[in-house]
$ cat structure_23.pdb   # PDB, C-alpha atoms
MODEL        1
ATOM      1  CA  MET A  93     -11.755 -52.253  43.723
ATOM      2  CA  ALA A  94     -10.326 -53.575  40.489
ATOM      3  CA  ARG A  95      -7.637 -56.132  40.724
ATOM      4  CA  PHE A  96      -4.429 -55.764  38.809
ATOM      5  CA  LYS A  97      -4.649 -57.900  35.724
ATOM      6  CA  ASP A  98      -1.426 -59.475  34.643
ATOM      7  CA  ASN A  99      -1.116 -59.041  30.882
ATOM      8  CA  ASN A 100       1.081 -61.624  29.373
ATOM      9  CA  PHE A 101       2.497 -61.735  25.867
ATOM     10  CA  THR A 102      -0.436 -63.567  24.286
ATOM     11  CA  ASP A 103      -2.911 -61.045  25.741
ATOM     12  CA  ARG A 104      -0.949 -58.202  24.242
ATOM     13  CA  LEU A 105      -0.745 -59.979  20.881
ATOM     14  CA  SER A 106      -4.489 -60.584  20.824
ATOM     15  CA  ALA A 107      -5.197 -56.938  21.755
ATOM     16  CA  GLN A 108      -2.920 -55.788  18.951
ATOM     17  CA  ALA A 109      -4.630 -58.128  16.479
ATOM     18  CA  LYS A 110      -8.066 -56.864  17.552
ATOM     19  CA  ALA A 111      -6.974 -53.248  17.086
ATOM     20  CA  LYS A 112      -5.574 -54.021  13.652
ATOM     21  CA  GLN A 113      -8.768 -55.837  12.681
ATOM     22  CA  ALA A 114     -10.855 -52.855  13.901
ATOM     23  CA  LEU A 115      -8.829 -50.537  11.663
ATOM     24  CA  LEU A 116      -9.278 -52.872   8.697
ATOM     25  CA  ASP A 117     -13.038 -53.092   9.339
ATOM     26  CA  LYS A 118     -13.254 -49.331   9.547
ATOM     27  CA  PHE A 119     -11.417 -49.029   6.233
ATOM     28  CA  LYS A 120     -13.617 -51.671   4.575
ATOM     29  CA  THR A 121     -16.855 -50.058   5.746
ATOM     30  CA  ARG A 122     -15.837 -46.742   4.227
ATOM     31  CA  PRO A 123     -18.025 -45.877   1.220
ATOM     32  CA  ALA A 124     -16.613 -46.307  -2.258
ATOM     33  CA  PRO A 125     -15.257 -43.223  -4.042
ATOM     34  CA  ASP A 126     -18.046 -43.338  -6.626
ATOM     35  CA  SER A 127     -20.845 -43.648  -4.067
ATOM     36  CA  PRO A 128     -23.337 -40.754  -3.825
ATOM     37  CA  GLU A 129     -22.285 -40.079  -0.237
ATOM     38  CA  MET A 130     -18.635 -39.628  -1.223
ATOM     39  CA  GLN A 131     -19.617 -37.612  -4.303
ATOM     40  CA  ALA A 132     -21.638 -35.285  -2.076
ATOM     41  CA  LYS A 133     -18.688 -34.854   0.327
ATOM     42  CA  LEU A 134     -16.366 -34.249  -2.617
ATOM     43  CA  ALA A 135     -18.742 -31.670  -4.092
ATOM     44  CA  GLU A 136     -19.023 -29.969  -0.690
ATOM     45  CA  ARG A 137     -15.243 -29.808  -0.333
ATOM     46  CA  LYS A 138     -14.958 -28.454  -3.867
ATOM     47  CA  ALA A 139     -17.563 -25.766  -3.121
ATOM     48  CA  VAL A 140     -15.741 -24.792   0.067
ATOM     49  CA  ALA A 141     -12.425 -24.599  -1.814
ATOM     50  CA  GLU A 142     -13.974 -22.446  -4.564
ATOM     51  CA  ALA A 143     -15.544 -20.134  -1.972
ATOM     52  CA  ARG A 144     -12.157 -19.828  -0.244
ATOM     53  CA  GLU A 145     -10.475 -19.006  -3.553
ATOM     54  CA  GLN A 146     -13.133 -16.378  -4.296
ATOM     55  CA  ARG A 147     -12.637 -14.799  -0.871
ATOM     56  CA  GLU A 148      -8.869 -14.757  -1.379
ATOM     57  CA  ALA A 149      -9.293 -13.228  -4.842
ATOM     58  CA  GLU A 150     -11.641 -10.587  -3.399
ATOM     59  CA  ARG A 151      -9.138  -9.790  -0.630
ATOM     60  CA  LYS A 152      -6.335  -9.487  -3.193
ATOM     61  CA  ARG A 153      -8.493  -7.244  -5.388
ATOM     62  CA  LEU A 154      -9.416  -5.018  -2.443
ATOM     63  CA  LYS A 155      -5.795  -4.835  -1.347
ATOM     64  CA  GLN A 156      -4.688  -3.946  -4.883
ATOM     65  CA  GLU A 157      -7.382  -1.247  -5.067
ATOM     66  CA  GLN A 158      -6.215   0.109  -1.704
ATOM     67  CA  ILE A 159      -2.614   0.199  -2.930
ATOM     68  CA  GLU A 160      -3.642   1.937  -6.157
ATOM     69  CA  ARG A 161      -5.799   4.434  -4.238
ATOM     70  CA  GLU A 162      -2.937   5.207  -1.849
ATOM     71  CA  ALA A 163      -0.546   5.602  -4.791
ATOM     72  CA  ALA A 164      -2.977   7.978  -6.516
ATOM     73  CA  GLU A 165      -3.431   9.986  -3.300
ATOM     74  CA  LYS A 166       0.330  10.148  -2.832
ATOM     75  CA  ALA A 167       0.843  11.264  -6.438
ATOM     76  CA  ALA A 168      -1.856  13.943  -6.067
ATOM     77  CA  ARG A 169      -0.338  15.113  -2.781
ATOM     78  CA  GLU A 170       3.143  15.263  -4.335
ATOM     79  CA  ALA A 171       1.778  17.120  -7.375
ATOM     80  CA  ALA A 172       0.061  19.643  -5.092
ATOM     81  CA  GLU A 173       3.254  20.108  -3.087
ATOM     82  CA  GLU A 174       5.260  20.544  -6.298
ATOM     83  CA  ALA A 175       2.747  23.085  -7.598
ATOM     84  CA  GLU A 176       2.928  24.943  -4.275
ATOM     85  CA  ARG A 177       6.739  24.939  -4.413
ATOM     86  CA  ASN A 178       6.624  26.195  -8.008
ATOM     87  CA  ALA A 179       4.164  28.936  -7.059
ATOM     88  CA  GLU A 180       6.371  30.009  -4.155
ATOM     89  CA  ALA A 181       9.448  29.994  -6.402
ATOM     90  CA  LEU A 182       7.617  32.095  -8.999
ATOM     91  CA  ALA A 183       6.451  34.494  -6.293
ATOM     92  CA  ARG A 184      10.010  34.829  -4.962
ATOM     93  CA  GLU A 185      11.326  35.325  -8.474
ATOM     94  CA  GLN A 186       8.683  37.958  -9.218
ATOM     95  CA  ALA A 187       9.455  39.699  -5.893
ATOM     96  CA  ASP A 188      13.158  39.700  -6.787
ATOM     97  CA  LYS A 189      12.385  41.129 -10.237
ATOM     98  CA  ASP A 190      10.177  43.822  -8.685
ATOM     99  CA  ARG A 191      12.890  44.719  -6.182
ATOM    100  CA  ILE A 192      15.507  44.864  -8.923
ATOM    101  CA  SER A 193      13.261  47.012 -11.126
ATOM    102  CA  ARG A 194      12.612  49.363  -8.158
ATOM    103  CA  LEU A 195      16.344  49.571  -7.500
ATOM    104  CA  LEU A 196      16.995  50.317 -11.161
ATOM    105  CA  ALA A 197      14.228  52.934 -11.190
ATOM    106  CA  ASP A 198      15.639  54.524  -8.019
ATOM    107  CA  GLU A 199      19.094  54.495  -9.533
ATOM    108  CA  ALA A 200      17.719  56.082 -12.706
ATOM    109  CA  GLU A 201      15.960  58.754 -10.624
ATOM    110  CA  ARG A 202      19.153  59.479  -8.698
ATOM    111  CA  LYS A 203      21.114  59.661 -11.934
ATOM    112  CA  ALA A 204      18.514  61.979 -13.438
ATOM    113  CA  ALA A 205      18.628  64.175 -10.338
ATOM    114  CA  ARG A 206      22.434  64.173 -10.419
ATOM    115  CA  ASP A 207      22.434  65.000 -14.108
ATOM    116  CA  ALA A 208      19.941  67.802 -13.470
ATOM    117  CA  ARG A 209      22.156  69.216 -10.702
ATOM    118  CA  TYR A 210      25.195  68.912 -12.957
ATOM    119  CA  ALA A 211      23.365  70.627 -15.820
ATOM    120  CA  ALA A 212      22.178  73.386 -13.443
ATOM    121  CA  ARG A 213      25.708  73.898 -12.165
ATOM    122  CA  LYS A 214      27.043  74.028 -15.741
ATOM    123  CA  ALA A 215      24.331  76.507 -16.641
ATOM    124  CA  ARG A 216      25.273  78.756 -13.682
ATOM    125  CA  VAL A 217      28.937  78.621 -14.580
ATOM    126  CA  LYS A 218      28.318  79.624 -18.250
ATOM    127  CA  ARG A 219      26.368  82.720 -17.442
TER     128      ARG A 219
ENDMDL
END

$ encode --input "structure_23.pdb" --output "structure tokens"
Amino acid sequence: MARFKDNNFTDRLSAQAKAKQALLDKFKTRPAPDSPEMQAKLAERKAVAEAREQREAERKRLKQEQIEREAAEKAAREAAEEAERNAEALAREQADKDRISRLLADEAERKAARDARYAARKARVKR
């Protein structure tokens, strides 16, 4: 079983100094920005960023095409509905005109019959 180790102030200071030195060593051992290794990493990151931008542009293009397609479908649907409404209105109007013309023709027939009866009655009275 491990014994409890009493850390005093100097132990903590030395541990902190060692940790700081380890960080400095890690930073110093890092390759220079113009080294081939760093250039390769930079090129890889750049390629990944360009691929991401291309995917985003493709998604935006597809979304825009979808929006345009939906707008065109909606416009076509509305135009078809408008044409159907216009056709129905024309049919109703034509039906009304036909009904009115039949009523006028019936009225003319009744008037002609009435006039014929009146003329016949006048003819009987003059004899």

$ atom_distance --input "structure_23.pdb" --atom1 "atom CA of Arg169 of chain A" --atom2 "atom CA of Lys155 of chain A"
20.7 Å

$ atom_distance --input "structure_23.pdb" --atom1 "atom CA of Glu199 of chain A" --atom2 "atom CA of Ala181 of chain A"
26.5 Å

$ atom_distance --input "structure_23.pdb" --atom1 "atom CA of Met130 of chain A" --atom2 "atom CA of Leu115 of chain A"
19.5 Å

$ axis_aligned_box --input "structure_23.pdb" --around "segment 192-196 of chain A" --padding-each-side "8 Å" --output "lines of an AutoDock Vina configuration file"
center_x = 14.8
center_y = 47.6
center_z = -9.3
size_x = 20.4
size_y = 21.5
size_z = 19.7

$ decode --input "structure_23.pdb" --residues "segment 108-196 of chain A" --atoms "C-alpha atoms" --output "PDB file, in the first residue's frame"
ATOM      1  CA  GLN A 108       5.084  23.376 -11.485  1.00  0.00           C
ATOM      2  CA  ALA A 109       8.482  24.229 -12.983  1.00  0.00           C
ATOM      3  CA  LYS A 110       8.730  20.768 -14.570  1.00  0.00           C
ATOM      4  CA  ALA A 111       5.264  21.130 -16.099  1.00  0.00           C
ATOM      5  CA  LYS A 112       6.128  24.555 -17.467  1.00  0.00           C
ATOM      6  CA  GLN A 113       9.393  23.239 -18.898  1.00  0.00           C
ATOM      7  CA  ALA A 114       7.518  20.313 -20.528  1.00  0.00           C
ATOM      8  CA  LEU A 115       5.165  22.780 -22.221  1.00  0.00           C
ATOM      9  CA  LEU A 116       8.098  24.873 -23.434  1.00  0.00           C
ATOM     10  CA  ASP A 117       9.866  21.762 -24.774  1.00  0.00           C
ATOM     11  CA  LYS A 118       6.713  20.701 -26.556  1.00  0.00           C
ATOM     12  CA  PHE A 119       6.431  24.146 -28.136  1.00  0.00           C
ATOM     13  CA  LYS A 120      10.110  24.171 -29.154  1.00  0.00           C
ATOM     14  CA  THR A 121       9.945  20.719 -30.740  1.00  0.00           C
ATOM     15  CA  ARG A 122       7.030  21.778 -32.913  1.00  0.00           C
ATOM     16  CA  PRO A 123       8.055  21.979 -36.586  1.00  0.00           C
ATOM     17  CA  ALA A 124       8.633  25.373 -38.144  1.00  0.00           C
ATOM     18  CA  PRO A 125       5.825  26.898 -40.223  1.00  0.00           C
ATOM     19  CA  ASP A 126       7.857  26.586 -43.424  1.00  0.00           C
ATOM     20  CA  SER A 127       8.779  22.937 -42.865  1.00  0.00           C
ATOM     21  CA  PRO A 128       7.410  20.375 -45.357  1.00  0.00           C
ATOM     22  CA  GLU A 129       5.456  18.651 -42.591  1.00  0.00           C
ATOM     23  CA  MET A 130       3.629  21.860 -41.664  1.00  0.00           C
ATOM     24  CA  GLN A 131       3.134  22.753 -45.335  1.00  0.00           C
ATOM     25  CA  ALA A 132       1.536  19.348 -45.896  1.00  0.00           C
ATOM     26  CA  LYS A 133      -0.794  19.832 -42.896  1.00  0.00           C
ATOM     27  CA  LEU A 134      -1.651  23.326 -44.114  1.00  0.00           C
ATOM     28  CA  ALA A 135      -2.378  22.038 -47.618  1.00  0.00           C
ATOM     29  CA  GLU A 136      -4.542  19.258 -46.156  1.00  0.00           C
ATOM     30  CA  ARG A 137      -6.518  21.741 -44.066  1.00  0.00           C
ATOM     31  CA  LYS A 138      -6.922  23.987 -47.098  1.00  0.00           C
ATOM     32  CA  ALA A 139      -8.189  21.055 -49.187  1.00  0.00           C
ATOM     33  CA  VAL A 140     -10.655  20.093 -46.461  1.00  0.00           C
ATOM     34  CA  ALA A 141     -11.885  23.698 -46.217  1.00  0.00           C
ATOM     35  CA  GLU A 142     -12.315  23.933 -50.006  1.00  0.00           C
ATOM     36  CA  ALA A 143     -14.201  20.621 -50.071  1.00  0.00           C
ATOM     37  CA  ARG A 144     -16.459  21.891 -47.271  1.00  0.00           C
ATOM     38  CA  GLU A 145     -17.114  25.114 -49.178  1.00  0.00           C
ATOM     39  CA  GLN A 146     -17.934  23.131 -52.327  1.00  0.00           C
ATOM     40  CA  ARG A 147     -20.360  20.926 -50.396  1.00  0.00           C
ATOM     41  CA  GLU A 148     -22.012  23.991 -48.871  1.00  0.00           C
ATOM     42  CA  ALA A 149     -22.256  25.640 -52.296  1.00  0.00           C
ATOM     43  CA  GLU A 150     -23.775  22.447 -53.735  1.00  0.00           C
ATOM     44  CA  ARG A 151     -26.301  22.291 -50.878  1.00  0.00           C
ATOM     45  CA  LYS A 152     -27.218  25.948 -51.433  1.00  0.00           C
ATOM     46  CA  ARG A 153     -27.581  25.358 -55.178  1.00  0.00           C
ATOM     47  CA  LEU A 154     -29.781  22.303 -54.623  1.00  0.00           C
ATOM     48  CA  LYS A 155     -31.885  24.182 -52.095  1.00  0.00           C
ATOM     49  CA  GLN A 156     -32.274  27.122 -54.487  1.00  0.00           C
ATOM     50  CA  GLU A 157     -33.277  24.732 -57.291  1.00  0.00           C
ATOM     51  CA  GLN A 158     -35.808  23.101 -54.956  1.00  0.00           C
ATOM     52  CA  ILE A 159     -37.246  26.506 -54.051  1.00  0.00           C
ATOM     53  CA  GLU A 160     -37.446  27.516 -57.715  1.00  0.00           C
ATOM     54  CA  ARG A 161     -39.050  24.181 -58.647  1.00  0.00           C
ATOM     55  CA  GLU A 162     -41.626  24.540 -55.868  1.00  0.00           C
ATOM     56  CA  ALA A 163     -42.338  28.127 -56.947  1.00  0.00           C
ATOM     57  CA  ALA A 164     -42.805  27.003 -60.560  1.00  0.00           C
ATOM     58  CA  GLU A 165     -45.103  24.156 -59.468  1.00  0.00           C
ATOM     59  CA  LYS A 166     -47.098  26.553 -57.307  1.00  0.00           C
ATOM     60  CA  ALA A 167     -47.387  29.060 -60.160  1.00  0.00           C
ATOM     61  CA  ALA A 168     -48.510  26.307 -62.559  1.00  0.00           C
ATOM     62  CA  ARG A 169     -51.026  25.019 -60.013  1.00  0.00           C
ATOM     63  CA  GLU A 170     -52.377  28.539 -59.431  1.00  0.00           C
ATOM     64  CA  ALA A 171     -52.569  29.159 -63.190  1.00  0.00           C
ATOM     65  CA  ALA A 172     -54.489  25.900 -63.653  1.00  0.00           C
ATOM     66  CA  GLU A 173     -56.861  26.814 -60.830  1.00  0.00           C
ATOM     67  CA  GLU A 174     -57.361  30.288 -62.317  1.00  0.00           C
ATOM     68  CA  ALA A 175     -58.037  28.792 -65.747  1.00  0.00           C
ATOM     69  CA  GLU A 176     -60.529  26.369 -64.184  1.00  0.00           C
ATOM     70  CA  ARG A 177     -62.255  29.232 -62.350  1.00  0.00           C
ATOM     71  CA  ASN A 178     -62.375  31.247 -65.581  1.00  0.00           C
ATOM     72  CA  ALA A 179     -63.805  28.277 -67.478  1.00  0.00           C
ATOM     73  CA  GLU A 180     -66.462  27.761 -64.808  1.00  0.00           C
ATOM     74  CA  ALA A 181     -67.314  31.474 -64.845  1.00  0.00           C
ATOM     75  CA  LEU A 182     -67.608  31.414 -68.642  1.00  0.00           C
ATOM     76  CA  ALA A 183     -69.784  28.304 -68.464  1.00  0.00           C
ATOM     77  CA  ARG A 184     -72.046  29.952 -65.874  1.00  0.00           C
ATOM     78  CA  GLU A 185     -72.204  33.109 -67.954  1.00  0.00           C
ATOM     79  CA  GLN A 186     -73.036  31.136 -71.098  1.00  0.00           C
ATOM     80  CA  ALA A 187     -75.702  29.165 -69.178  1.00  0.00           C
ATOM     81  CA  ASP A 188     -77.194  32.444 -67.940  1.00  0.00           C
ATOM     82  CA  LYS A 189     -77.193  33.850 -71.485  1.00  0.00           C
ATOM     83  CA  ASP A 190     -78.848  30.677 -72.800  1.00  0.00           C
ATOM     84  CA  ARG A 191     -81.490  30.829 -70.074  1.00  0.00           C
ATOM     85  CA  ILE A 192     -82.143  34.499 -70.775  1.00  0.00           C
ATOM     86  CA  SER A 193     -82.382  33.869 -74.524  1.00  0.00           C
ATOM     87  CA  ARG A 194     -84.821  30.973 -73.874  1.00  0.00           C
ATOM     88  CA  LEU A 195     -86.889  33.215 -71.615  1.00  0.00           C
ATOM     89  CA  LEU A 196     -86.914  35.934 -74.258  1.00  0.00           C
TER      90      LEU A 196
END
